[in-house]
>>> print(open('start27.tsv').read())   # TSV, C-alpha atoms and all ligand atoms
chain	number	residue	atom	x	y	z
T	1	MET	CA	19.80	22.78	2.95
T	2	SER	CA	21.60	19.42	2.90
T	3	SER	CA	22.41	17.99	-0.55
T	4	GLU	CA	22.60	14.50	0.93
T	5	LYS	CA	20.21	11.99	-0.52
T	6	VAL	CA	17.70	10.34	1.76
T	7	LYS	CA	18.73	6.82	2.66
T	8	VAL	CA	16.54	3.86	1.90
T	9	TYR	CA	17.90	0.75	3.58
T	10	PHE	CA	17.42	-2.35	1.48
T	11	GLY	CA	17.69	-6.02	2.33
T	12	SER	CA	17.49	-8.45	-0.56
T	13	VAL	CA	15.86	-11.86	-0.27
T	14	GLN	CA	19.05	-13.14	-1.89
T	15	HIS	CA	21.84	-14.08	0.47
T	16	GLY	CA	25.59	-14.59	0.15
T	17	ARG	CA	25.86	-17.55	2.51
T	18	ALA	CA	23.40	-20.27	3.46
T	19	LEU	CA	23.74	-19.26	7.09
T	20	PRO	CA	21.42	-17.33	9.41
T	21	PHE	CA	23.77	-14.35	9.78
T	22	ALA	CA	23.34	-13.65	6.03
T	23	SER	CA	19.62	-14.38	5.92
T	24	PHE	CA	16.69	-12.18	5.04
T	25	ALA	CA	15.56	-12.14	8.68
T	26	ALA	CA	18.98	-10.84	9.73
T	27	LYS	CA	18.56	-7.99	7.25
T	28	VAL	CA	15.09	-7.12	8.54
T	29	ASP	CA	16.54	-7.06	12.08
T	30	LYS	CA	19.38	-4.77	11.09
T	31	ILE	CA	17.17	-2.36	9.17
T	32	THR	CA	14.77	-2.21	12.12
T	33	ASP	CA	17.69	-1.45	14.48
T	34	ILE	CA	18.88	1.38	12.21
T	35	LEU	CA	15.42	2.95	11.99
T	36	ILE	CA	14.77	2.67	15.73
T	37	GLU	CA	18.14	4.35	16.30
T	38	GLN	CA	17.16	7.20	13.96
T	39	THR	CA	13.67	7.65	15.41
T	40	LYS	CA	13.16	9.46	18.69
T	41	ILE	CA	11.29	6.69	20.47
T	42	GLU	CA	11.21	7.35	24.20
T	43	PRO	CA	10.42	4.99	27.05
T	44	LYS	CA	6.65	4.76	27.60
T	45	ASP	CA	5.88	6.14	24.12
T	46	LYS	CA	2.78	4.51	22.64
T	47	VAL	CA	3.91	3.17	19.28
T	48	ALA	CA	1.20	2.55	16.67
T	49	ILE	CA	2.31	-0.09	14.20
T	50	LYS	CA	-0.07	0.43	11.29
T	51	MET	CA	-0.33	-2.60	9.11
T	52	HIS	CA	-3.05	-4.30	7.13
T	53	LEU	CA	-4.07	-7.55	8.75
T	54	GLY	CA	-6.06	-8.74	5.72
T	55	PHE	CA	-9.49	-10.25	5.30
T	56	SER	CA	-11.25	-13.61	4.95
T	57	ASP	CA	-9.33	-15.97	2.62
T	58	GLY	CA	-6.19	-13.88	2.14
T	59	TYR	CA	-2.88	-15.29	3.33
T	60	GLN	CA	-0.34	-12.97	1.70
T	61	THR	CA	-0.27	-10.23	4.30
T	62	LEU	CA	2.98	-9.61	6.19
T	63	PRO	CA	4.39	-12.73	7.87
T	64	VAL	CA	3.83	-12.65	11.63
T	65	PHE	CA	7.41	-13.93	11.88
T	66	PHE	CA	8.75	-10.47	11.00
T	67	ILE	CA	6.08	-8.56	12.91
T	68	ARG	CA	7.08	-10.22	16.14
T	69	ARG	CA	10.77	-9.43	15.64
T	70	ILE	CA	10.01	-5.75	14.94
T	71	VAL	CA	7.66	-5.56	17.95
T	72	GLU	CA	10.29	-7.08	20.26
T	73	LYS	CA	12.88	-4.56	19.12
T	74	ILE	CA	10.52	-1.64	19.78
T	75	LYS	CA	9.72	-3.03	23.23
T	76	LYS	CA	13.42	-3.03	24.07
T	77	THR	CA	13.40	0.80	23.84
T	78	GLY	CA	10.99	0.87	26.79
T	79	ALA	CA	8.11	2.02	24.56
T	80	PHE	CA	4.74	0.27	24.27
T	81	PRO	CA	3.98	-0.91	20.73
T	82	PHE	CA	0.59	-2.00	19.54
T	83	ILE	CA	-0.64	-3.09	16.12
T	84	THR	CA	-3.63	-1.34	14.65
T	85	ASP	CA	-5.95	-1.73	11.66
T	86	ASN	CA	-9.64	-1.52	10.81
T	87	PRO	CA	-12.00	-3.29	13.26
T	88	THR	CA	-12.97	-6.19	10.98
T	89	ALA	CA	-9.37	-7.01	10.07
T	90	VAL	CA	-8.44	-6.85	13.77
T	91	TYR	CA	-11.33	-9.07	14.81
T	92	ASN	CA	-10.41	-11.72	12.24
T	93	ALA	CA	-6.64	-11.29	12.47
T	94	VAL	CA	-6.29	-14.59	14.29
T	95	ASN	CA	-7.23	-16.37	11.03
T	96	ARG	CA	-3.99	-15.16	9.54
T	97	GLY	CA	-1.95	-15.94	12.63
T	98	TYR	CA	-1.94	-12.48	14.23
T	99	THR	CA	-2.69	-12.52	17.95
T	100	GLU	CA	-1.23	-10.70	20.94
T	101	TYR	CA	0.59	-13.95	21.77
T	102	THR	CA	2.16	-14.39	18.31
T	103	CYS	CA	2.86	-10.73	17.54
T	104	GLY	CA	4.05	-9.84	21.03
T	105	CYS	CA	1.79	-6.81	21.53
T	106	PRO	CA	-1.93	-5.92	21.58
T	107	ILE	CA	-3.90	-5.53	18.36
T	108	ILE	CA	-6.29	-2.59	18.53
T	109	PRO	CA	-9.06	-1.46	16.14
T	110	ILE	CA	-7.90	1.82	14.70
T	111	ALA	CA	-11.20	3.66	15.06
T	112	GLY	CA	-12.72	1.68	17.94
T	113	VAL	CA	-14.80	-1.48	17.85
T	114	LYS	CA	-17.71	0.33	16.19
T	115	ASP	CA	-15.46	2.32	13.85
T	116	GLY	CA	-16.75	5.55	15.39
T	117	TYR	CA	-13.73	6.66	17.42
T	118	VAL	CA	-12.63	9.36	14.96
T	119	SER	CA	-11.44	12.92	14.73
T	120	SER	CA	-12.63	15.11	11.86
T	121	VAL	CA	-9.86	16.72	9.78
T	122	GLY	CA	-10.57	19.47	7.24
T	123	ILE	CA	-9.50	19.01	3.61
T	124	GLY	CA	-10.86	22.21	2.11
T	125	GLY	CA	-13.52	20.82	-0.18
T	126	PHE	CA	-11.33	18.48	-2.25
T	127	ALA	CA	-13.44	16.36	-4.65
T	128	GLY	CA	-16.52	17.86	-3.00
T	129	PHE	CA	-15.59	16.75	0.54
T	130	ASP	CA	-14.79	19.11	3.41
T	131	SER	CA	-13.45	16.66	5.96
T	132	LEU	CA	-12.29	13.10	6.63
T	133	ASP	CA	-12.76	11.03	9.78
T	134	LEU	CA	-9.25	10.20	10.96
T	135	ALA	CA	-8.95	7.12	13.17
T	136	GLY	CA	-8.78	8.13	16.84
T	137	VAL	CA	-6.15	5.59	17.85
T	138	LEU	CA	-3.60	7.33	15.61
T	139	LYS	CA	-4.24	10.57	17.47
T	140	ASP	CA	-3.55	8.77	20.76
T	141	ALA	CA	-0.16	7.38	19.68
T	142	ASP	CA	3.23	9.08	20.07
T	143	VAL	CA	5.12	7.14	17.39
T	144	LEU	CA	4.04	5.75	14.04
T	145	VAL	CA	5.55	2.70	12.39
T	146	ASP	CA	4.06	2.32	8.93
T	147	LEU	CA	4.57	-1.35	8.13
T	148	SER	CA	3.45	-2.21	4.62
T	149	HIS	CA	3.09	-5.04	2.19
T	150	ILE	CA	3.89	-3.80	-1.32
T	151	LYS	CA	1.51	-5.06	-4.01
T	152	GLY	CA	-0.68	-3.84	-6.85
T	153	HIS	CA	-4.03	-2.08	-6.39
T	154	GLY	CA	-7.06	-1.96	-8.65
T	155	ALA	CA	-7.89	1.72	-8.21
T	156	CYS	CA	-4.43	3.29	-8.35
T	157	GLY	CA	-2.06	0.57	-9.50
T	158	PHE	CA	-0.11	0.29	-6.27
T	159	GLY	CA	-0.48	-0.15	-2.54
T	160	GLY	CA	2.36	0.58	-0.14
T	161	ALA	CA	3.25	2.90	2.72
T	162	ILE	CA	1.01	5.74	1.48
T	163	LYS	CA	-2.07	3.62	0.92
T	164	ASN	CA	-1.58	1.88	4.26
T	165	LEU	CA	-2.13	5.24	5.96
T	166	ALA	CA	-4.43	6.91	3.44
T	167	LEU	CA	-7.07	4.20	3.46
T	168	GLY	CA	-6.14	2.33	6.62
T	169	GLY	CA	-5.95	5.43	8.81
T	170	TYR	CA	-9.63	6.31	8.53
T	171	SER	CA	-13.06	5.00	9.42
T	172	GLY	CA	-14.85	2.74	6.92
T	173	PRO	CA	-17.33	5.39	5.70
T	174	THR	CA	-14.52	7.86	5.03
T	175	ARG	CA	-12.47	5.21	3.29
T	176	TRP	CA	-15.20	4.00	0.96
T	177	LYS	CA	-17.44	7.04	0.45
T	178	LYS	CA	-14.96	9.89	0.50
T	179	ILE	CA	-11.45	8.64	-0.33
T	180	HIS	CA	-12.57	6.13	-2.95
T	181	GLY	CA	-15.41	8.57	-3.73
T	182	ALA	CA	-12.88	11.03	-5.18
T	183	ASN	CA	-12.98	8.92	-8.37
T	184	TYR	CA	-16.49	10.20	-8.98
T	185	SER	CA	-15.70	13.92	-8.91
T	186	SER	CA	-15.77	14.21	-12.73
T	187	ASP	CA	-18.79	13.38	-14.88
T	188	MET	CA	-18.40	10.32	-17.08
T	189	TRP	CA	-21.97	10.07	-18.41
T	190	ASP	CA	-24.00	12.69	-20.24
T	191	LYS	CA	-27.65	11.85	-19.57
T	192	GLU	CA	-28.88	14.06	-22.36
T	193	LYS	CA	-26.68	12.58	-25.06
T	194	GLY	CA	-26.89	8.94	-23.97
T	195	THR	CA	-29.94	6.75	-24.54
T	196	PRO	CA	-30.93	3.81	-22.30
T	197	GLU	CA	-30.08	1.51	-25.23
T	198	LEU	CA	-26.58	2.90	-25.44
T	199	ALA	CA	-26.11	2.59	-21.68
T	200	LYS	CA	-27.17	-1.07	-21.76
T	201	LYS	CA	-24.87	-1.76	-24.68
T	202	LEU	CA	-21.96	-0.14	-22.84
T	203	VAL	CA	-22.59	-2.33	-19.80
T	204	GLU	CA	-22.70	-5.40	-22.01
T	205	MET	CA	-19.55	-4.50	-23.95
T	206	CYS	CA	-17.25	-3.57	-21.05
T	207	PRO	CA	-14.86	-6.53	-20.80
T	208	TYR	CA	-14.18	-5.86	-17.12
T	209	HIS	CA	-17.81	-5.52	-15.97
T	210	ALA	CA	-16.87	-2.07	-14.74
T	211	LEU	CA	-20.06	-0.28	-15.84
T	212	ASN	CA	-23.41	-0.28	-14.07
T	213	TYR	CA	-26.63	1.26	-15.34
T	214	ASN	CA	-29.56	2.41	-13.21
T	215	GLU	CA	-32.42	2.54	-15.71
T	216	GLU	CA	-34.84	4.28	-13.37
T	217	LYS	CA	-32.45	7.20	-12.85
T	218	HIS	CA	-30.88	6.82	-16.30
T	219	GLU	CA	-27.49	6.85	-14.60
T	220	LEU	CA	-24.38	5.07	-15.81
T	221	ARG	CA	-21.58	4.57	-13.30
T	222	ARG	CA	-18.06	3.30	-13.73
T	223	ASN	CA	-16.32	1.24	-11.09
T	224	TYR	CA	-12.87	2.81	-11.33
T	225	HIS	CA	-11.26	-0.03	-9.41
T	226	ASP	CA	-12.28	-2.52	-12.09
T	227	CYS	CA	-11.77	-0.31	-15.16
T	228	ARG	CA	-8.59	-1.10	-17.11
T	229	GLN	CA	-8.98	1.82	-19.54
T	230	CYS	CA	-9.36	-0.49	-22.52
T	231	MET	CA	-11.30	2.31	-24.28
T	232	THR	CA	-14.05	-0.06	-25.45
T	233	CYS	CA	-16.74	2.24	-24.02
T	234	LEU	CA	-15.40	5.16	-26.05
T	235	GLU	CA	-15.45	3.01	-29.20
T	236	VAL	CA	-19.06	1.99	-28.54
T	237	ASP	CA	-19.97	5.63	-27.91
T	238	GLN	CA	-18.71	6.41	-31.45
T	239	GLY	CA	-17.89	10.02	-30.70
T	240	MET	CA	-21.37	10.91	-29.42
T	241	GLY	CA	-19.81	12.20	-26.21
T	242	ALA	CA	-22.31	10.41	-23.99
T	243	VAL	CA	-19.59	8.53	-22.14
T	244	LYS	CA	-16.23	9.97	-21.07
T	245	LEU	CA	-13.04	8.61	-19.62
T	246	PRO	CA	-11.61	11.58	-17.72
T	247	ARG	CA	-8.07	10.95	-16.53
T	248	GLU	CA	-8.76	13.33	-13.61
T	249	SER	CA	-11.19	10.78	-12.20
T	250	TYR	CA	-8.35	8.31	-11.81
T	251	THR	CA	-5.80	10.78	-10.47
T	252	ALA	CA	-8.32	12.40	-8.08
T	253	PHE	CA	-8.23	9.22	-6.01
T	254	GLN	CA	-4.44	9.39	-5.87
T	255	GLU	CA	-4.51	13.05	-4.87
T	256	MET	CA	-7.09	12.30	-2.21
T	257	MET	CA	-4.84	9.54	-0.85
T	258	ALA	CA	-1.97	12.03	-0.68
T	259	ILE	CA	-4.15	14.47	1.29
T	260	ALA	CA	-5.33	11.71	3.62
T	261	THR	CA	-1.72	10.61	4.20
T	262	GLN	CA	-0.66	14.17	4.95
T	263	LYS	CA	-3.37	14.44	7.61
T	264	VAL	CA	-2.24	11.21	9.28
T	265	LEU	CA	1.41	12.29	9.29
T	266	GLU	CA	0.51	15.70	10.72
T	267	THR	CA	-0.67	14.02	13.90
T	268	PHE	CA	2.91	12.85	14.66
T	269	LYS	CA	6.20	14.66	15.12
T	270	PRO	CA	8.25	13.94	11.94
T	271	GLU	CA	11.12	12.47	13.97
T	272	LYS	CA	8.74	9.92	15.47
T	273	ILE	CA	7.80	8.10	12.28
T	274	PHE	CA	9.50	5.34	10.32
T	275	TYR	CA	8.54	3.09	7.45
T	276	ILE	CA	9.27	-0.53	6.62
T	277	SER	CA	7.88	-2.12	3.45
T	278	PHE	CA	8.13	-5.73	2.41
T	279	LEU	CA	8.39	-6.52	-1.30
T	280	LEU	CA	7.26	-10.12	-0.97
T	281	GLN	CA	4.31	-11.92	-2.56
T	282	ILE	CA	3.70	-8.99	-4.90
T	283	THR	CA	0.21	-9.59	-6.26
T	284	ALA	CA	-1.85	-7.63	-8.79
T	285	TYR	CA	-4.53	-6.63	-6.31
T	286	CYS	CA	-4.29	-5.56	-2.71
T	287	ASP	CA	-4.89	-7.62	0.43
T	288	CYS	CA	-8.34	-6.02	0.88
T	289	LEU	CA	-9.58	-8.53	-1.68
T	290	GLY	CA	-9.37	-11.18	1.01
T	291	MET	CA	-8.06	-13.96	-1.21
T	292	GLY	CA	-4.82	-15.52	-2.32
T	293	GLN	CA	-3.45	-14.41	-5.70
T	294	PRO	CA	-0.53	-15.44	-7.90
T	295	PHE	CA	2.46	-13.19	-7.37
T	296	ILE	CA	3.26	-11.21	-10.52
T	297	VAL	CA	6.73	-10.00	-9.52
T	298	ASN	CA	9.44	-12.12	-7.89
T	299	ASP	CA	10.13	-11.57	-4.21
T	300	ILE	CA	12.60	-8.69	-3.88
T	301	GLY	CA	13.19	-7.94	-0.21
T	302	VAL	CA	12.58	-5.28	2.41
T	303	VAL	CA	13.09	-1.51	2.44
T	304	GLY	CA	13.14	0.87	5.38
T	305	SER	CA	13.38	4.65	5.66
T	306	THR	CA	12.30	7.68	7.64
T	307	ASP	CA	10.98	9.30	4.44
T	308	ILE	CA	7.68	8.16	2.94
T	309	VAL	CA	8.36	9.51	-0.56
T	310	ALA	CA	11.81	7.96	-0.68
T	311	ILE	CA	10.64	4.52	0.45
T	312	GLU	CA	7.69	4.48	-1.96
T	313	THR	CA	9.81	5.62	-4.89
T	314	ALA	CA	12.47	3.03	-4.07
T	315	SER	CA	9.86	0.27	-3.78
T	316	LEU	CA	8.40	1.16	-7.18
T	317	ASP	CA	11.85	1.45	-8.78
T	318	LEU	CA	12.88	-1.96	-7.43
T	319	ILE	CA	9.71	-3.51	-8.85
T	320	LYS	CA	10.26	-1.78	-12.19
T	321	GLU	CA	13.78	-3.16	-12.33
T	322	GLU	CA	12.58	-6.67	-11.46
T	323	GLY	CA	9.75	-6.68	-14.03
T	324	LEU	CA	6.63	-8.81	-14.31
T	325	ILE	CA	6.29	-12.55	-14.30
T	326	GLU	CA	4.03	-12.53	-17.33
T	327	LYS	CA	2.85	-16.12	-17.01
T	328	ASN	CA	1.53	-15.39	-13.50
T	329	ILE	CA	-0.74	-12.54	-14.54
T	330	PRO	CA	-4.36	-13.65	-14.09
T	331	PRO	CA	-6.07	-14.21	-17.48
T	332	PHE	CA	-8.79	-11.64	-16.79
T	333	PHE	CA	-6.24	-8.83	-17.21
T	334	LYS	CA	-7.01	-8.97	-20.92
T	335	ASN	CA	-5.40	-5.65	-21.75
T	336	ALA	CA	-2.10	-6.09	-19.92
T	337	ASP	CA	0.43	-4.22	-22.02
T	338	PHE	CA	3.86	-5.85	-22.39
T	339	ASP	CA	5.12	-3.56	-25.15
T	340	PRO	CA	8.81	-3.08	-24.29
T	341	GLU	CA	8.81	0.20	-26.24
T	342	LYS	CA	6.56	1.75	-23.60
T	343	ASP	CA	8.31	2.95	-20.46
T	344	PHE	CA	5.51	1.67	-18.25
T	345	HIS	CA	5.83	0.51	-14.68
T	346	PRO	CA	4.80	-3.17	-14.28
T	347	PHE	CA	1.71	-2.08	-12.31
T	348	THR	CA	0.70	0.29	-15.12
T	349	ARG	CA	1.10	-2.54	-17.62
T	350	VAL	CA	-1.43	-4.56	-15.63
T	351	HIS	CA	-3.84	-1.90	-14.37
T	352	GLY	CA	-3.89	0.49	-17.32
T	353	PRO	CA	-2.27	3.75	-18.48
T	354	TYR	CA	-4.25	6.01	-16.13
T	355	LYS	CA	-3.08	4.06	-13.09
T	356	ASP	CA	0.51	5.22	-12.86
T	357	PRO	CA	1.68	4.08	-9.41
T	358	TYR	CA	4.13	7.00	-9.13
T	359	GLU	CA	1.26	9.50	-9.34
T	360	VAL	CA	0.33	9.34	-5.66
T	361	VAL	CA	3.99	9.57	-4.66
T	362	ARG	CA	4.37	12.72	-6.76
T	363	PHE	CA	1.35	14.28	-5.05
T	364	VAL	CA	2.84	13.56	-1.62
T	365	GLU	CA	6.23	14.93	-2.67
T	366	LYS	CA	4.59	18.13	-3.95
T	367	MET	CA	3.17	18.63	-0.46
T	368	GLY	CA	6.74	18.82	0.83
T	369	ILE	CA	6.44	15.73	3.00
T	370	GLY	CA	9.43	13.87	1.58
T	371	THR	CA	11.76	13.50	-1.35
T	372	SER	CA	12.22	11.06	-4.21
T	373	ASP	CA	15.94	11.91	-4.22
T	374	TYR	CA	17.03	8.77	-2.42
T	375	GLU	CA	19.96	6.40	-2.33
T	376	ILE	CA	19.79	2.70	-1.66
T	377	VAL	CA	21.97	1.47	1.18
T	378	GLU	CA	22.09	-2.28	0.91
T	379	ILE	CA	22.30	-4.12	4.20
T	380	LEU	CA	24.19	-7.43	4.36
T	381	SER	CA	24.37	-7.69	0.60
T	382	PRO	CA	25.15	-11.13	-0.85
T	383	LYS	CA	28.53	-9.77	-1.96
T	384	GLU	CA	29.30	-8.55	1.55
T	385	THR	CA	28.13	-11.65	3.40
T	386	SER	CA	29.88	-14.00	1.00
T	387	LYS	CA	33.17	-12.55	2.27
T	388	MET	CA	32.24	-12.33	5.95
T	389	GLU	CA	33.52	-14.70	8.59
T	390	PRO	CA	30.38	-16.42	9.90
T	391	PRO	CA	29.77	-16.58	13.63
T	392	LYS	CA	30.47	-19.96	15.16
T	393	ARG	CA	27.44	-22.22	15.11
T	394	GLN	CA	26.64	-24.78	17.70
T	395	PHE	CA	24.42	-27.65	16.80
T	396	GLU	CA	22.07	-28.91	19.44
T	397	GLY	CA	23.25	-31.93	21.37
T	398	GLU	CA	20.01	-31.67	23.30
T	399	PRO	CA	17.01	-29.31	23.05
T	400	THR	CA	18.11	-25.83	24.11
T	401	PHE	CA	14.87	-23.96	23.29
T	402	PHE	CA	16.92	-21.01	22.06
E	501	LIG	S1	-12.49	1.80	-20.46
E	501	LIG	FE1	-12.86	-0.38	-20.77
E	501	LIG	S2	-12.81	-1.22	-18.72
E	501	LIG	FE2	-13.08	0.96	-18.48
E	501	LIG	S3	-15.27	1.25	-18.34
E	501	LIG	FE3	-14.68	1.55	-20.49
E	501	LIG	S4	-14.99	-0.45	-21.39
E	501	LIG	FE4	-14.95	-0.77	-19.22
>>> encode(input="start27.tsv", output="structure tokens")
Amino acid sequence: MSSEKVKVYFGSVQHGRALPFASFAAKVDKITDILIEQTKIEPKDKVAIKMHLGFSDGYQTLPVFFIRRIVEKIKKTGAFPFITDNPTAVYNAVNRGYTEYTCGCPIIPIAGVKDGYVSSVGIGGFAGFDSLDLAGVLKDADVLVDLSHIKGHGACGFGGAIKNLALGGYSGPTRWKKIHGANYSSDMWDKEKGTPELAKKLVEMCPYHALNYNEEKHELRRNYHDCRQCMTCLEVDQGMGAVKLPRESYTAFQEMMAIATQKVLETFKPEKIFYISFLLQITAYCDCLGMGQPFIVNDIGVVGSTDIVAIETASLDLIKEEGLIEKNIPPFFKNADFDPEKDFHPFTRVHGPYKDPYEVVRFVEKMGIGTSDYEIVEILSPKETSKMEPPKRQFEGEPTFF
């Protein structure tokens, strides 16, 4: 077994010269070239570029500028790339500038226009579910390019390359009822011990409006996406044991995402997959929210790898090193924890102690899909480019349309 660390190629938004050869775009190009070189893409291969195209009023999804450059590079191999995502995001992609004309390749709904083009994959009864409906278009492709926007996520703290496949690689019903449904595999409400009065008080006291009570059924439900584990409900419960806050409910979602990711990756040959993640416009919530948000971490750059665990770990480590922009955190994150004594990841500080963003990565690593033992290989670092002889530049005497 090789003792070599897995390489994660990194391009910083910072540049050593104010010239295009040292720019961020040049770094994205170079990283794409390296990954294409390392991936066995063959002429006529159908290359699925899985990305999230966003919803309604969101504008912080991946810039079409980079998508087009990546698409053009894949086309040069003789393969046929296409972009894919859920049907609604595809249908409305034009609102965020994504079209076949701008991206350079078709944009295809991942599970068909009615979200029913799926293939059932068994998951052995995890969280009470036997199977998931994997998007059919992924099964049809020969190569997978997992192109992600790194940002926070309400339910698990973090959205990146894993979440892009785990939630984006399935039909809507699987995504919402089963994958997100894993949160509900542990009981959080004891009907016998809790009275309707207590349930109503809990709903009223939750500062994040994360509790809902159905009086007719005497059922209390927690929205795990919105819960920030402030513990107020446990304080109101006063040790009666009517309401619980089981950590397993939070991690079950992350484990389910790991399983879902594994099933997507199993449909491709390992040498036909690569990952590129952009650490730009890093917001607290994911792009599924369909709205613009303040960025809570400075722009960092781009990472690329052929290993999903390595790229996710590197992305999280880079964000941890960069730290939060505290003044940009929306005021409704009332319990954001800035205690420097706690070795929390910035996303944990915002989303709560049970939403450790590394958790899902650990689950995937345990499955043997990749390794967190990575090394950063910086491409066109500011130090390097500051010493490089720039290519000669010609200024336009007349329009050249280059
Ligand atoms: S822990 Fe806090 S945010 Fe979560 S459900 Fe209880 S009161 Fe609401």
>>> closest_atom_pairs(input="start27.tsv", of="chain T", to="ligand LIG 501 (chain E)", cutoff="8 Å", atoms="all atoms listed in the file", output="Markdown table")
| residue | atom | partner | partner_atom | distance |
| --- | --- | --- | --- | --- |
| T:Leu202 | CA | E:LIG501 | S4 | 7.1 |
| T:Val203 | CA | E:LIG501 | FE4 | 7.8 |
| T:Met205 | CA | E:LIG501 | S4 | 6.6 |
| T:Cys206 | CA | E:LIG501 | S4 | 3.9 |
| T:Pro207 | CA | E:LIG501 | FE4 | 6.0 |
| T:Tyr208 | CA | E:LIG501 | S2 | 5.1 |
| T:His209 | CA | E:LIG501 | FE4 | 6.4 |
| T:Ala210 | CA | E:LIG501 | FE4 | 5.0 |
| T:Leu211 | CA | E:LIG501 | S3 | 5.6 |
| T:Arg222 | CA | E:LIG501 | S3 | 5.8 |
| T:Asn223 | CA | E:LIG501 | S3 | 7.3 |
| T:Tyr224 | CA | E:LIG501 | FE2 | 7.4 |
| T:Asp226 | CA | E:LIG501 | S2 | 6.8 |
| T:Cys227 | CA | E:LIG501 | FE2 | 3.8 |
| T:Arg228 | CA | E:LIG501 | S2 | 4.5 |
| T:Gln229 | CA | E:LIG501 | S1 | 3.6 |
| T:Cys230 | CA | E:LIG501 | FE1 | 3.9 |
| T:Met231 | CA | E:LIG501 | S1 | 4.0 |
| T:Thr232 | CA | E:LIG501 | S4 | 4.2 |
| T:Cys233 | CA | E:LIG501 | FE3 | 4.1 |
| T:Leu234 | CA | E:LIG501 | FE3 | 6.7 |
| T:Leu245 | CA | E:LIG501 | S1 | 6.9 |
>>> closest_residue(input="start27.tsv", among="T:Ala182, T:Ile329, T:Ile259, T:Leu134", to="T:Gln293", atoms="all atoms listed in the file")
T:Ile329
>>> closest_residue(input="start27.tsv", among="T:Glu100, T:Met256, T:Tyr285, T:Asp337", to="T:Gly125", atoms="all atoms listed in the file")
T:Met256
>>> atom_distance(input="start27.tsv", atom1="atom CA of T:Ser120", atom2="atom CA of T:Leu132")
5.6 Å
>>> residues_near_point(input="start27.tsv", point="(6.5, 3.1, 7.3)", cutoff="8 Å", atoms="all atoms listed in the file", output="list in words")
Leu144, Val145, Asp146, Leu147, Ser148, Ala161, Ile273, Phe274, Tyr275, Ile276, Ser277, Gly304, Ser305, Thr306 and Ile308 of chain T
